[in-house]
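> Dropping in entry.pdb, which is PDB, C-alpha atoms and all ligand atoms:
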ATOM      1  CA  MET A   1     323.149 115.560  13.630
ATOM      2  CA  ILE A   2     325.595 112.667  13.563
ATOM      3  CA  ARG A   3     326.360 111.002  16.892
ATOM      4  CA  LEU A   4     329.492 108.941  17.542
ATOM      5  CA  GLY A   5     329.514 108.017  21.235
ATOM      6  CA  ASP A   6     330.278 111.285  23.077
ATOM      7  CA  LEU A   7     330.744 113.239  19.838
ATOM      8  CA  GLU A   8     327.986 115.220  18.119
ATOM      9  CA  ILE A   9     328.732 116.384  14.567
ATOM     10  CA  THR A  10     326.543 118.905  12.728
ATOM     11  CA  ARG A  11     327.021 120.493   9.330
ATOM     12  CA  VAL A  12     326.908 124.299   9.169
ATOM     13  CA  GLU A  13     326.299 125.416   5.607
ATOM     14  CA  GLU A  14     327.712 128.588   4.158
ATOM     15  CA  LEU A  15     326.903 128.198   0.441
ATOM     16  CA  SER A  16     325.165 125.702  -1.798
ATOM     17  CA  THR A  17     325.741 126.414  -5.495
ATOM     18  CA  PRO A  18     325.957 124.709  -8.896
ATOM     19  CA  GLY A  19     329.495 123.826  -9.947
ATOM     20  CA  SER A  20     331.033 123.473 -13.384
ATOM     21  CA  PRO A  21     332.603 120.278 -14.732
ATOM     22  CA  ALA A  22     335.440 122.583 -15.870
ATOM     23  CA  LEU A  23     336.786 121.937 -12.364
ATOM     24  CA  PHE A  24     338.003 118.595 -13.727
ATOM     25  CA  LYS A  25     340.288 118.528 -16.732
ATOM     26  CA  ALA A  26     339.547 114.806 -17.120
ATOM     27  CA  TRP A  27     335.747 115.275 -17.108
ATOM     28  CA  ASP A  28     334.203 112.711 -19.467
ATOM     29  CA  ASP A  29     330.452 112.679 -20.225
ATOM     30  CA  GLU A  30     330.560 108.933 -20.915
ATOM     31  CA  VAL A  31     331.961 108.231 -17.443
ATOM     32  CA  VAL A  32     329.308 110.485 -15.953
ATOM     33  CA  ALA A  33     326.570 108.712 -17.941
ATOM     34  CA  ALA A  34     327.775 105.363 -16.556
ATOM     35  CA  ALA A  35     327.596 106.795 -13.031
ATOM     36  CA  ALA A  36     324.105 108.246 -13.588
ATOM     37  CA  PRO A  37     322.213 105.672 -11.463
ATOM     38  CA  TRP A  38     323.748 107.139  -8.325
ATOM     39  CA  TYR A  39     325.189 110.467  -9.541
ATOM     40  CA  VAL A  40     321.986 111.886 -11.067
ATOM     41  CA  PRO A  41     320.010 113.826  -9.879
ATOM     42  CA  ASP A  42     321.391 114.365  -6.349
ATOM     43  CA  TYR A  43     324.884 115.330  -7.499
ATOM     44  CA  PHE A  44     324.602 116.210 -11.178
ATOM     45  CA  ASP A  45     321.960 117.887 -13.308
ATOM     46  CA  PRO A  46     322.350 116.833 -16.966
ATOM     47  CA  ALA A  47     319.856 119.532 -18.049
ATOM     48  CA  THR A  48     322.165 122.333 -16.900
ATOM     49  CA  GLY A  49     325.419 120.369 -17.095
ATOM     50  CA  SER A  50     326.302 121.397 -13.543
ATOM     51  CA  PHE A  51     326.934 119.465 -10.360
ATOM     52  CA  SER A  52     325.800 120.360  -6.858
ATOM     53  CA  THR A  53     328.462 121.694  -4.555
ATOM     54  CA  SER A  54     328.546 123.060  -1.049
ATOM     55  CA  ILE A  55     330.825 125.052   1.206
ATOM     56  CA  HIS A  56     330.311 124.243   4.881
ATOM     57  CA  SER A  57     331.883 123.725   8.276
ATOM     58  CA  TRP A  58     331.458 120.745  10.579
ATOM     59  CA  LEU A  59     330.590 121.581  14.186
ATOM     60  CA  VAL A  60     331.943 118.900  16.544
ATOM     61  CA  LYS A  61     330.904 118.862  20.201
ATOM     62  CA  GLY A  62     332.709 116.501  22.559
ATOM     63  CA  PRO A  63     333.716 116.157  26.199
ATOM     64  CA  GLY A  64     335.062 119.573  27.211
ATOM     65  CA  PHE A  65     335.345 121.024  23.715
ATOM     66  CA  CYS A  66     333.293 122.577  20.941
ATOM     67  CA  ALA A  67     335.231 122.582  17.665
ATOM     68  CA  LEU A  68     334.643 123.868  14.156
ATOM     69  CA  VAL A  69     336.284 122.167  11.189
ATOM     70  CA  ASP A  70     337.045 124.806   8.524
ATOM     71  CA  LEU A  71     335.504 128.232   8.176
ATOM     72  CA  GLY A  72     334.224 128.744   4.632
ATOM     73  CA  CYS A  73     334.716 131.996   2.690
ATOM     74  CA  GLY A  74     333.533 134.526   5.271
ATOM     75  CA  ASN A  75     331.549 137.691   4.612
ATOM     76  CA  GLY A  76     332.746 140.722   2.719
ATOM     77  CA  LYS A  77     336.171 139.430   1.759
ATOM     78  CA  ASP A  78     337.830 141.190  -1.191
ATOM     79  CA  ARG A  79     338.734 138.462  -3.703
ATOM     80  CA  ALA A  80     340.271 139.180  -7.099
ATOM     81  CA  PRO A  81     340.305 136.683 -10.018
ATOM     82  CA  PRO A  82     340.668 133.714  -9.973
ATOM     83  CA  MET A  83     339.104 133.830  -6.464
ATOM     84  CA  GLN A  84     336.246 136.250  -7.173
ATOM     85  CA  ALA A  85     333.499 133.659  -6.584
ATOM     86  CA  PHE A  86     334.618 133.402  -2.947
ATOM     87  CA  GLY A  87     334.477 137.139  -2.207
ATOM     88  CA  GLY A  88     331.845 139.711  -1.333
ATOM     89  CA  LEU A  89     329.543 137.237   0.406
ATOM     90  CA  ALA A  90     326.842 138.281   2.883
ATOM     91  CA  THR A  91     325.477 135.087   4.439
ATOM     92  CA  ASP A  92     323.931 134.521   7.857
ATOM     93  CA  TRP A  93     326.456 131.795   8.699
ATOM     94  CA  PRO A  94     326.785 132.908  12.374
ATOM     95  CA  ALA A  95     323.011 132.439  12.785
ATOM     96  CA  ARG A  96     323.269 129.013  11.172
ATOM     97  CA  LEU A  97     326.064 128.142  13.596
ATOM     98  CA  GLU A  98     323.798 129.114  16.461
ATOM     99  CA  ALA A  99     320.937 127.082  14.981
ATOM    100  CA  ALA A 100     323.372 124.139  14.847
ATOM    101  CA  GLY A 101     323.922 124.494  18.586
ATOM    102  CA  ALA A 102     326.878 126.809  19.218
ATOM    103  CA  ARG A 103     327.372 130.526  19.692
ATOM    104  CA  ILE A 104     330.585 132.233  18.582
ATOM    105  CA  GLU A 105     331.804 132.347  22.212
ATOM    106  CA  ASP A 106     331.197 128.602  22.679
ATOM    107  CA  ILE A 107     333.872 127.598  20.162
ATOM    108  CA  THR A 108     336.995 126.282  21.918
ATOM    109  CA  HIS A 109     338.876 125.004  18.838
ATOM    110  CA  VAL A 110     339.046 125.762  15.131
ATOM    111  CA  LEU A 111     340.561 122.879  13.179
ATOM    112  CA  PHE A 112     341.761 123.879   9.708
ATOM    113  CA  THR A 113     342.140 120.992   7.260
ATOM    114  CA  HIS A 114     344.114 123.398   5.061
ATOM    115  CA  LEU A 115     344.325 127.136   4.399
ATOM    116  CA  HIS A 116     342.674 127.647   1.011
ATOM    117  CA  VAL A 117     340.331 130.603   0.429
ATOM    118  CA  ASP A 118     337.104 128.638   1.014
ATOM    119  CA  HIS A 119     338.280 127.173   4.355
ATOM    120  CA  VAL A 120     339.523 130.165   6.361
ATOM    121  CA  GLY A 121     337.127 133.060   5.711
ATOM    122  CA  TRP A 122     335.144 133.103   8.958
ATOM    123  CA  ALA A 123     338.353 133.173  11.006
ATOM    124  CA  THR A 124     338.072 136.969  10.862
ATOM    125  CA  VAL A 125     335.449 139.711  10.744
ATOM    126  CA  PRO A 126     335.852 143.466  10.088
ATOM    127  CA  ASP A 127     337.617 145.278  12.941
ATOM    128  CA  GLY A 128     335.840 148.593  12.226
ATOM    129  CA  ARG A 129     339.083 150.263  11.111
ATOM    130  CA  GLY A 130     339.342 148.745   7.645
ATOM    131  CA  GLY A 131     341.150 145.638   8.853
ATOM    132  CA  TRP A 132     340.205 142.208  10.146
ATOM    133  CA  THR A 133     340.048 140.759  13.652
ATOM    134  CA  PRO A 134     339.619 137.151  14.853
ATOM    135  CA  THR A 135     335.994 135.999  14.995
ATOM    136  CA  PHE A 136     336.829 133.476  17.731
ATOM    137  CA  PRO A 137     339.406 135.312  19.887
ATOM    138  CA  ASP A 138     339.249 132.719  22.673
ATOM    139  CA  ALA A 139     339.427 129.621  20.448
ATOM    140  CA  LEU A 140     342.647 127.745  19.785
ATOM    141  CA  HIS A 141     343.224 127.735  16.013
ATOM    142  CA  VAL A 142     344.863 124.520  14.839
ATOM    143  CA  MET A 143     346.685 124.282  11.499
ATOM    144  CA  THR A 144     349.610 122.309  10.176
ATOM    145  CA  ARG A 145     353.033 123.908  10.305
ATOM    146  CA  ILE A 146     353.583 122.882   6.666
ATOM    147  CA  GLU A 147     350.421 124.654   5.524
ATOM    148  CA  ARG A 148     351.257 127.835   7.504
ATOM    149  CA  ASP A 149     354.759 127.902   6.053
ATOM    150  CA  HIS A 150     353.483 127.234   2.532
ATOM    151  CA  ARG A 151     350.778 129.951   2.537
ATOM    152  CA  ASP A 152     352.618 132.737   4.378
ATOM    153  CA  PRO A 153     353.886 135.363   1.862
ATOM    154  CA  GLU A 154     356.883 135.898   4.154
ATOM    155  CA  ARG A 155     357.710 132.194   3.847
ATOM    156  CA  GLY A 156     356.790 129.643   1.152
ATOM    157  CA  ALA A 157     354.188 131.785  -0.617
ATOM    158  CA  ALA A 158     356.630 134.570  -1.425
ATOM    159  CA  GLY A 159     356.135 134.152  -5.179
ATOM    160  CA  MET A 160     352.336 133.977  -5.149
ATOM    161  CA  SER A 161     350.139 136.699  -6.611
ATOM    162  CA  PRO A 162     348.403 139.242  -4.330
ATOM    163  CA  ALA A 163     345.070 137.554  -5.171
ATOM    164  CA  ARG A 164     346.343 134.210  -3.886
ATOM    165  CA  ASN A 165     347.959 135.758  -0.817
ATOM    166  CA  ALA A 166     344.868 137.725   0.221
ATOM    167  CA  PRO A 167     343.093 134.904   2.134
ATOM    168  CA  PHE A 168     346.171 134.301   4.263
ATOM    169  CA  LEU A 169     346.686 137.994   4.954
ATOM    170  CA  ASP A 170     343.095 138.922   5.856
ATOM    171  CA  SER A 171     341.902 135.667   7.430
ATOM    172  CA  VAL A 172     344.887 133.711   8.821
ATOM    173  CA  LYS A 173     347.520 136.315   9.713
ATOM    174  CA  PRO A 174     345.288 138.194  12.217
ATOM    175  CA  VAL A 175     344.788 134.896  14.051
ATOM    176  CA  LEU A 176     348.517 134.112  14.001
ATOM    177  CA  ASP A 177     349.324 137.625  15.224
ATOM    178  CA  GLN A 178     346.904 137.230  18.114
ATOM    179  CA  GLY A 179     348.741 134.076  19.207
ATOM    180  CA  ARG A 180     345.915 131.594  19.863
ATOM    181  CA  VAL A 181     347.373 129.115  17.356
ATOM    182  CA  ASP A 182     348.708 125.575  17.616
ATOM    183  CA  LEU A 183     350.924 124.524  14.718
ATOM    184  CA  VAL A 184     350.657 120.736  14.372
ATOM    185  CA  GLU A 185     352.302 118.100  12.200
ATOM    186  CA  GLY A 186     348.922 116.815  10.975
ATOM    187  CA  ASP A 187     349.469 113.203  12.103
ATOM    188  CA  GLU A 188     348.490 113.532  15.780
ATOM    189  CA  THR A 189     346.474 110.790  17.480
ATOM    190  CA  GLY A 190     344.049 111.827  20.242
ATOM    191  CA  TYR A 191     344.577 115.548  19.716
ATOM    192  CA  LEU A 192     341.200 115.976  21.421
ATOM    193  CA  PRO A 193     339.112 113.128  22.859
ATOM    194  CA  GLY A 194     338.050 111.031  19.852
ATOM    195  CA  ILE A 195     339.898 113.193  17.310
ATOM    196  CA  ASP A 196     342.944 112.162  15.232
ATOM    197  CA  PHE A 197     344.699 113.999  12.412
ATOM    198  CA  ILE A 198     345.659 112.121   9.229
ATOM    199  CA  PRO A 199     348.139 113.544   6.687
ATOM    200  CA  ALA A 200     346.393 114.235   3.348
ATOM    201  CA  PRO A 201     348.812 116.283   1.200
ATOM    202  CA  GLY A 202     348.360 116.973  -2.515
ATOM    203  CA  HIS A 203     345.329 119.241  -2.912
ATOM    204  CA  ALA A 204     347.183 121.505  -0.463
ATOM    205  CA  LYS A 205     350.745 120.935   0.633
ATOM    206  CA  GLY A 206     350.017 120.565   4.347
ATOM    207  CA  GLN A 207     346.423 119.328   4.194
ATOM    208  CA  MET A 208     345.171 116.963   6.893
ATOM    209  CA  ALA A 209     342.067 114.793   7.160
ATOM    210  CA  ILE A 210     340.393 114.437  10.564
ATOM    211  CA  ARG A 211     339.099 111.199  12.078
ATOM    212  CA  PHE A 212     336.329 111.198  14.687
ATOM    213  CA  SER A 213     335.843 108.093  16.852
ATOM    214  CA  GLY A 214     333.197 107.221  19.418
ATOM    215  CA  GLY A 215     330.715 104.528  20.335
ATOM    216  CA  GLY A 216     332.648 101.971  18.294
ATOM    217  CA  LYS A 217     332.190 103.990  15.079
ATOM    218  CA  THR A 218     334.356 106.370  13.088
ATOM    219  CA  ALA A 219     333.873 109.251  10.685
ATOM    220  CA  ILE A 220     336.546 110.898   8.561
ATOM    221  CA  CYS A 221     336.416 114.505   7.429
ATOM    222  CA  THR A 222     338.220 114.098   4.133
ATOM    223  CA  ALA A 223     339.045 117.807   3.694
ATOM    224  CA  ASP A 224     339.461 118.492  -0.051
ATOM    225  CA  VAL A 225     340.821 115.022  -0.859
ATOM    226  CA  MET A 226     337.687 114.914  -3.064
ATOM    227  CA  HIS A 227     335.441 117.710  -4.340
ATOM    228  CA  GLN A 228     332.786 115.561  -6.001
ATOM    229  CA  PRO A 229     331.602 111.987  -5.403
ATOM    230  CA  ILE A 230     332.501 111.161  -9.020
ATOM    231  CA  GLN A 231     336.088 111.083  -7.668
ATOM    232  CA  VAL A 232     335.214 108.100  -5.475
ATOM    233  CA  PHE A 233     334.436 106.334  -8.739
ATOM    234  CA  ARG A 234     337.366 107.969 -10.569
ATOM    235  CA  PRO A 235     340.148 108.735  -8.040
ATOM    236  CA  ASP A 236     342.412 109.648 -10.972
ATOM    237  CA  TRP A 237     340.366 112.830 -11.587
ATOM    238  CA  ALA A 238     342.090 115.783  -9.922
ATOM    239  CA  SER A 239     340.411 119.138  -9.435
ATOM    240  CA  GLY A 240     341.849 122.281 -10.951
ATOM    241  CA  PHE A 241     342.500 123.539  -7.411
ATOM    242  CA  CYS A 242     344.821 120.630  -6.507
ATOM    243  CA  GLU A 243     348.364 121.971  -6.003
ATOM    244  CA  ASP A 244     350.157 118.646  -6.624
ATOM    245  CA  LYS A 245     347.857 116.487  -8.746
ATOM    246  CA  PRO A 246     349.889 113.212  -8.714
ATOM    247  CA  LEU A 247     350.255 113.393  -4.923
ATOM    248  CA  ALA A 248     346.566 114.332  -4.588
ATOM    249  CA  GLU A 249     345.640 111.108  -6.421
ATOM    250  CA  ILE A 250     347.905 108.963  -4.214
ATOM    251  CA  THR A 251     346.336 110.548  -1.122
ATOM    252  CA  ARG A 252     342.810 110.154  -2.531
ATOM    253  CA  ARG A 253     343.295 106.411  -3.063
ATOM    254  CA  ARG A 254     344.831 106.001   0.425
ATOM    255  CA  ILE A 255     342.019 107.896   2.203
ATOM    256  CA  LEU A 256     339.331 106.078   0.171
ATOM    257  CA  ALA A 257     340.879 102.726   1.145
ATOM    258  CA  LEU A 258     341.074 103.797   4.789
ATOM    259  CA  ALA A 259     337.441 104.945   4.848
ATOM    260  CA  ALA A 260     336.245 101.776   3.084
ATOM    261  CA  ASP A 261     338.229  99.399   5.307
ATOM    262  CA  GLU A 262     337.201 101.189   8.536
ATOM    263  CA  GLY A 263     333.578 101.523   7.440
ATOM    264  CA  ALA A 264     333.965 105.195   8.353
ATOM    265  CA  LEU A 265     331.292 107.736   7.574
ATOM    266  CA  VAL A 266     332.892 110.154   5.108
ATOM    267  CA  LEU A 267     332.383 113.877   5.753
ATOM    268  CA  PRO A 268     333.673 115.837   2.728
ATOM    269  CA  MET A 269     333.836 119.628   2.605
ATOM    270  CA  HIS A 270     332.149 120.180  -0.770
ATOM    271  CA  PHE A 271     329.747 117.351  -1.645
ATOM    272  CA  GLY A 272     326.175 118.343  -2.489
ATOM    273  CA  GLY A 273     323.348 115.810  -2.183
ATOM    274  CA  THR A 274     323.210 114.509   1.389
ATOM    275  CA  HIS A 275     326.771 115.816   1.996
ATOM    276  CA  ALA A 276     328.040 112.616   3.646
ATOM    277  CA  GLY A 277     328.120 108.884   3.040
ATOM    278  CA  HIS A 278     330.142 105.685   3.003
ATOM    279  CA  VAL A 279     332.799 104.427   0.628
ATOM    280  CA  ARG A 280     332.690 100.757  -0.310
ATOM    281  CA  ARG A 281     335.181  98.673  -2.235
ATOM    282  CA  ALA A 282     333.743  97.739  -5.643
ATOM    283  CA  GLY A 283     335.837  95.610  -7.968
ATOM    284  CA  ASP A 284     339.212  97.308  -8.388
ATOM    285  CA  GLY A 285     337.823 100.636  -7.207
ATOM    286  CA  PHE A 286     335.316 102.219  -4.891
ATOM    287  CA  ALA A 287     331.628 103.091  -4.818
ATOM    288  CA  TRP A 288     329.800 105.905  -3.009
ATOM    289  CA  GLU A 289     326.800 105.234  -0.777
ATOM    290  CA  PRO A 290     325.234 108.526   0.309
ATOM    291  CA  LEU A 291     323.481 108.860   3.611
ATOM    292  CA  PRO A 292     319.724 108.540   3.042
ATOM    293  CA  GLU A 293     319.079 111.916   4.717
ATOM    294  CA  PRO A 294     321.084 115.152   4.493
ATOM    295  CA  ALA A 295     323.754 115.572   7.155
TER     296      ALA A 295
HETATM  297 ZN    ZN B 301     337.776 123.699  -0.638
END
Kindly transcribe the structure held in the file into structure tokens.
Ligand SMILES: [Zn+2]

Amino acid sequence: MIRLGDLEITRVEELSTPGSPALFKAWDDEVVAAAAPWYVPDYFDPATGSFSTSIHSWLVKGPGFCALVDLGCGNGKDRAPPMQAFGGLATDWPARLEAAGARIEDITHVLFTHLHVDHVGWATVPDGRGGWTPTFPDALHVMTRIERDHRDPERGAAGMSPARNAPFLDSVKPVLDQGRVDLVEGDETGYLPGIDFIPAPGHAKGQMAIRFSGGGKTAICTADVMHQPIQVFRPDWASGFCEDKPLAEITRRRILALAADEGALVLPMHFGGTHAGHVRRAGDGFAWEPLPEPA
């Protein structure tokens, strides 16, 4: 558990799996070899040619609130290609949430960094009639207005394939229909005590990062600004999932600079290894210093 003054932050894992370098079009074995002293073996296994990756939520307890940042893939979701790896899961994530210190009914806020398939799944569970119902009916679900507009098939996502629309329809729409939603701009300061939103567009159009402050320290959940720590070293490497790759790189450099200059603990959504760490300025770029113990 990470403590920042009144805030307690705990990682709740959904999946830990090997990932393929095919995620990065710019992948270069020579760059990876140069990064080996810190990248291997915690983040990359040269024997299998795969990196470690994780899908998790961050549980954040503070004065008067109990929030979850992002909600993984969920169980039993029907996902067609190219999303098939995120469907048909059967994990015990609710039990892991409880082990991390919160029951379903304790959650007061769900904070979505963005609305991609691997960030919204646990927002709903089967309703027993072939549909989906909110998992956290009493929680306020917070998402950016831009992201809602962009992902809603009746709005910006009108031209997207059924496979790409499915996560919105089965995991986000039931929450919107129920009404416990706050559409934000994604730049709010003090949204909850010790919690600020920071615009982070590029990977997703309306993505936001989330800063946690307390006890004179800060941490930044960097959403999907980065998928792998090699991107700290090479911010010009965009993932195949980034919607606007040039903007994603601009945002990546800005958030890396912010984290380095604040000395913030960085809490990504998909790093393997110890899952969290610090970014330091190194020459013209940045270096990654993982936490010594898993977060
Ligand atoms: Zn993601």
> Residues of segment 144-244 of chain A that have any atom at most 7 Å from an atom of segment 103-113 of chain A: could you tabulate them with the shortest-distance atom pair and the distance in Å to one decimal, using all atoms listed in the file, ordered by chain and increasing number, as a tab-separated table?

residue	atom	partner	partner_atom	distance
A:Gln207	CA	A:Thr113	CA	5.5
A:Met208	CA	A:Thr113	CA	5.1
A:Ala209	CA	A:Thr113	CA	6.2
A:Ala223	CA	A:Thr113	CA	5.7
> Please provide as a PDB file with C-alpha atoms, in the coordinates of the input all residues within 9 Å of Pro229 of chain A, with the sequence filter that same-chain residues fewer than 3 positions apart are discarded (counting all atoms listed in the file).

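Writing the result to part13.pdb gives the following:
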ATOM      1  CA  TYR A  39     325.189 110.467  -9.541  1.00  0.00           C
ATOM      2  CA  TYR A  43     324.884 115.330  -7.499  1.00  0.00           C
ATOM      3  CA  MET A 226     337.687 114.914  -3.064  1.00  0.00           C
ATOM      4  CA  VAL A 232     335.214 108.100  -5.475  1.00  0.00           C
ATOM      5  CA  PHE A 233     334.436 106.334  -8.739  1.00  0.00           C
ATOM      6  CA  ARG A 234     337.366 107.969 -10.569  1.00  0.00           C
ATOM      7  CA  PHE A 271     329.747 117.351  -1.645  1.00  0.00           C
ATOM      8  CA  GLY A 272     326.175 118.343  -2.489  1.00  0.00           C
ATOM      9  CA  ALA A 287     331.628 103.091  -4.818  1.00  0.00           C
ATOM     10  CA  TRP A 288     329.800 105.905  -3.009  1.00  0.00           C
TER      11      TRP A 288
END
> For the structure shown, which residues end up in the PyMOL selection byres (((chain A and resi 295) around 8) and not hetatm)? Put them as a PyMOL selection string, please?
chain A and resi 1-2+10-11+274-276+291+293-294
> Go through A:Ile55, A:Met160, A:Ile220, A:Ala99 and flag the residue nearest ligand ZN 301 (chain B), using all atoms listed in the file for the distances.
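Looking at the shortest contact to ligand ZN 301 (chain B), the residue is A:Ile55.
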> Please, what distance in Å, to one decimal, runs between atom CA of Thr17 of chain A and atom CA of Ile250 of chain A?
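Atom-to-atom, atom CA of Thr17 of chain A to atom CA of Ile250 of chain A, that is 28.2 Å.
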> Between A:Ala260, A:Val175, A:Ala204, A:Ala26, which is the closest to ligand ZN 301 (chain B) once you count all atoms listed in the file?
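Looking at the shortest contact to ligand ZN 301 (chain B), the residue is A:Ala204.
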> Which one is closest to ligand ZN 301 (chain B): A:Leu267, A:Leu59, A:Leu247, A:Val120? Count all atoms listed in the file.
A:Val120
> Residues picked by the PyMOL selection byres (((not hetatm)) within 9 of (chain B and resi 301)) here, as an NGL selection string?
:A and (55 or 72 or 114-119 or 223-224 or 227 or 241 or 269-270)
> Please complete segment 247-264 of chain A so it has N, CA, C and O atoms, and hand it over as a PDB file, keeping the file's coordinate frame.

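Okay, result.pdb is ready:
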ATOM      1  N   LEU A 247     350.306 113.702  -6.352  1.00  0.00           N
ATOM      2  CA  LEU A 247     350.255 113.393  -4.923  1.00  0.00           C
ATOM      3  C   LEU A 247     348.807 113.382  -4.425  1.00  0.00           C
ATOM      4  O   LEU A 247     348.426 112.564  -3.584  1.00  0.00           O
ATOM      5  N   ALA A 248     347.986 114.293  -4.972  1.00  0.00           N
ATOM      6  CA  ALA A 248     346.566 114.332  -4.588  1.00  0.00           C
ATOM      7  C   ALA A 248     345.894 113.004  -4.915  1.00  0.00           C
ATOM      8  O   ALA A 248     345.072 112.499  -4.143  1.00  0.00           O
ATOM      9  N   GLU A 249     346.252 112.399  -6.053  1.00  0.00           N
ATOM     10  CA  GLU A 249     345.640 111.108  -6.421  1.00  0.00           C
ATOM     11  C   GLU A 249     346.104 109.992  -5.484  1.00  0.00           C
ATOM     12  O   GLU A 249     345.293 109.154  -5.057  1.00  0.00           O
ATOM     13  N   ILE A 250     347.394 109.977  -5.151  1.00  0.00           N
ATOM     14  CA  ILE A 250     347.905 108.963  -4.214  1.00  0.00           C
ATOM     15  C   ILE A 250     347.169 109.080  -2.877  1.00  0.00           C
ATOM     16  O   ILE A 250     346.708 108.085  -2.300  1.00  0.00           O
ATOM     17  N   THR A 251     347.036 110.315  -2.399  1.00  0.00           N
ATOM     18  CA  THR A 251     346.336 110.548  -1.122  1.00  0.00           C
ATOM     19  C   THR A 251     344.872 110.143  -1.225  1.00  0.00           C
ATOM     20  O   THR A 251     344.316 109.524  -0.313  1.00  0.00           O
ATOM     21  N   ARG A 252     344.232 110.479  -2.349  1.00  0.00           N
ATOM     22  CA  ARG A 252     342.810 110.154  -2.531  1.00  0.00           C
ATOM     23  C   ARG A 252     342.593 108.640  -2.424  1.00  0.00           C
ATOM     24  O   ARG A 252     341.704 108.170  -1.719  1.00  0.00           O
ATOM     25  N   ARG A 253     343.442 107.877  -3.111  1.00  0.00           N
ATOM     26  CA  ARG A 253     343.295 106.411  -3.063  1.00  0.00           C
ATOM     27  C   ARG A 253     343.547 105.884  -1.647  1.00  0.00           C
ATOM     28  O   ARG A 253     342.863 104.953  -1.189  1.00  0.00           O
ATOM     29  N   ARG A 254     344.519 106.463  -0.936  1.00  0.00           N
ATOM     30  CA  ARG A 254     344.831 106.001   0.425  1.00  0.00           C
ATOM     31  C   ARG A 254     343.672 106.309   1.380  1.00  0.00           C
ATOM     32  O   ARG A 254     343.272 105.461   2.175  1.00  0.00           O
ATOM     33  N   ILE A 255     343.108 107.524   1.289  1.00  0.00           N
ATOM     34  CA  ILE A 255     342.019 107.896   2.203  1.00  0.00           C
ATOM     35  C   ILE A 255     340.741 107.114   1.856  1.00  0.00           C
ATOM     36  O   ILE A 255     339.993 106.694   2.749  1.00  0.00           O
ATOM     37  N   LEU A 256     340.492 106.891   0.563  1.00  0.00           N
ATOM     38  CA  LEU A 256     339.331 106.078   0.171  1.00  0.00           C
ATOM     39  C   LEU A 256     339.458 104.665   0.728  1.00  0.00           C
ATOM     40  O   LEU A 256     338.489 104.096   1.253  1.00  0.00           O
ATOM     41  N   ALA A 257     340.659 104.087   0.627  1.00  0.00           N
ATOM     42  CA  ALA A 257     340.879 102.726   1.145  1.00  0.00           C
ATOM     43  C   ALA A 257     340.692 102.698   2.654  1.00  0.00           C
ATOM     44  O   ALA A 257     340.065 101.776   3.206  1.00  0.00           O
ATOM     45  N   LEU A 258     341.210 103.719   3.328  1.00  0.00           N
ATOM     46  CA  LEU A 258     341.074 103.797   4.789  1.00  0.00           C
ATOM     47  C   LEU A 258     339.602 103.877   5.185  1.00  0.00           C
ATOM     48  O   LEU A 258     339.136 103.150   6.071  1.00  0.00           O
ATOM     49  N   ALA A 259     338.859 104.764   4.523  1.00  0.00           N
ATOM     50  CA  ALA A 259     337.441 104.945   4.848  1.00  0.00           C
ATOM     51  C   ALA A 259     336.653 103.664   4.567  1.00  0.00           C
ATOM     52  O   ALA A 259     335.792 103.262   5.352  1.00  0.00           O
ATOM     53  N   ALA A 260     336.963 103.003   3.439  1.00  0.00           N
ATOM     54  CA  ALA A 260     336.245 101.776   3.084  1.00  0.00           C
ATOM     55  C   ALA A 260     336.554 100.672   4.093  1.00  0.00           C
ATOM     56  O   ALA A 260     335.653  99.975   4.567  1.00  0.00           O
ATOM     57  N   ASP A 261     337.837 100.517   4.441  1.00  0.00           N
ATOM     58  CA  ASP A 261     338.229  99.399   5.307  1.00  0.00           C
ATOM     59  C   ASP A 261     337.789  99.616   6.753  1.00  0.00           C
ATOM     60  O   ASP A 261     337.549  98.653   7.480  1.00  0.00           O
ATOM     61  N   GLU A 262     337.684 100.889   7.181  1.00  0.00           N
ATOM     62  CA  GLU A 262     337.201 101.189   8.536  1.00  0.00           C
ATOM     63  C   GLU A 262     335.677 101.211   8.600  1.00  0.00           C
ATOM     64  O   GLU A 262     335.106 101.234   9.685  1.00  0.00           O
ATOM     65  N   GLY A 263     335.028 101.309   7.441  1.00  0.00           N
ATOM     66  CA  GLY A 263     333.578 101.523   7.440  1.00  0.00           C
ATOM     67  C   GLY A 263     333.227 102.903   7.964  1.00  0.00           C
ATOM     68  O   GLY A 263     332.139 103.123   8.513  1.00  0.00           O
ATOM     69  N   ALA A 264     334.162 103.851   7.802  1.00  0.00           N
ATOM     70  CA  ALA A 264     333.965 105.195   8.353  1.00  0.00           C
ATOM     71  C   ALA A 264     332.931 105.971   7.544  1.00  0.00           C
ATOM     72  O   ALA A 264     332.876 105.864   6.317  1.00  0.00           O
TER      73      ALA A 264
END
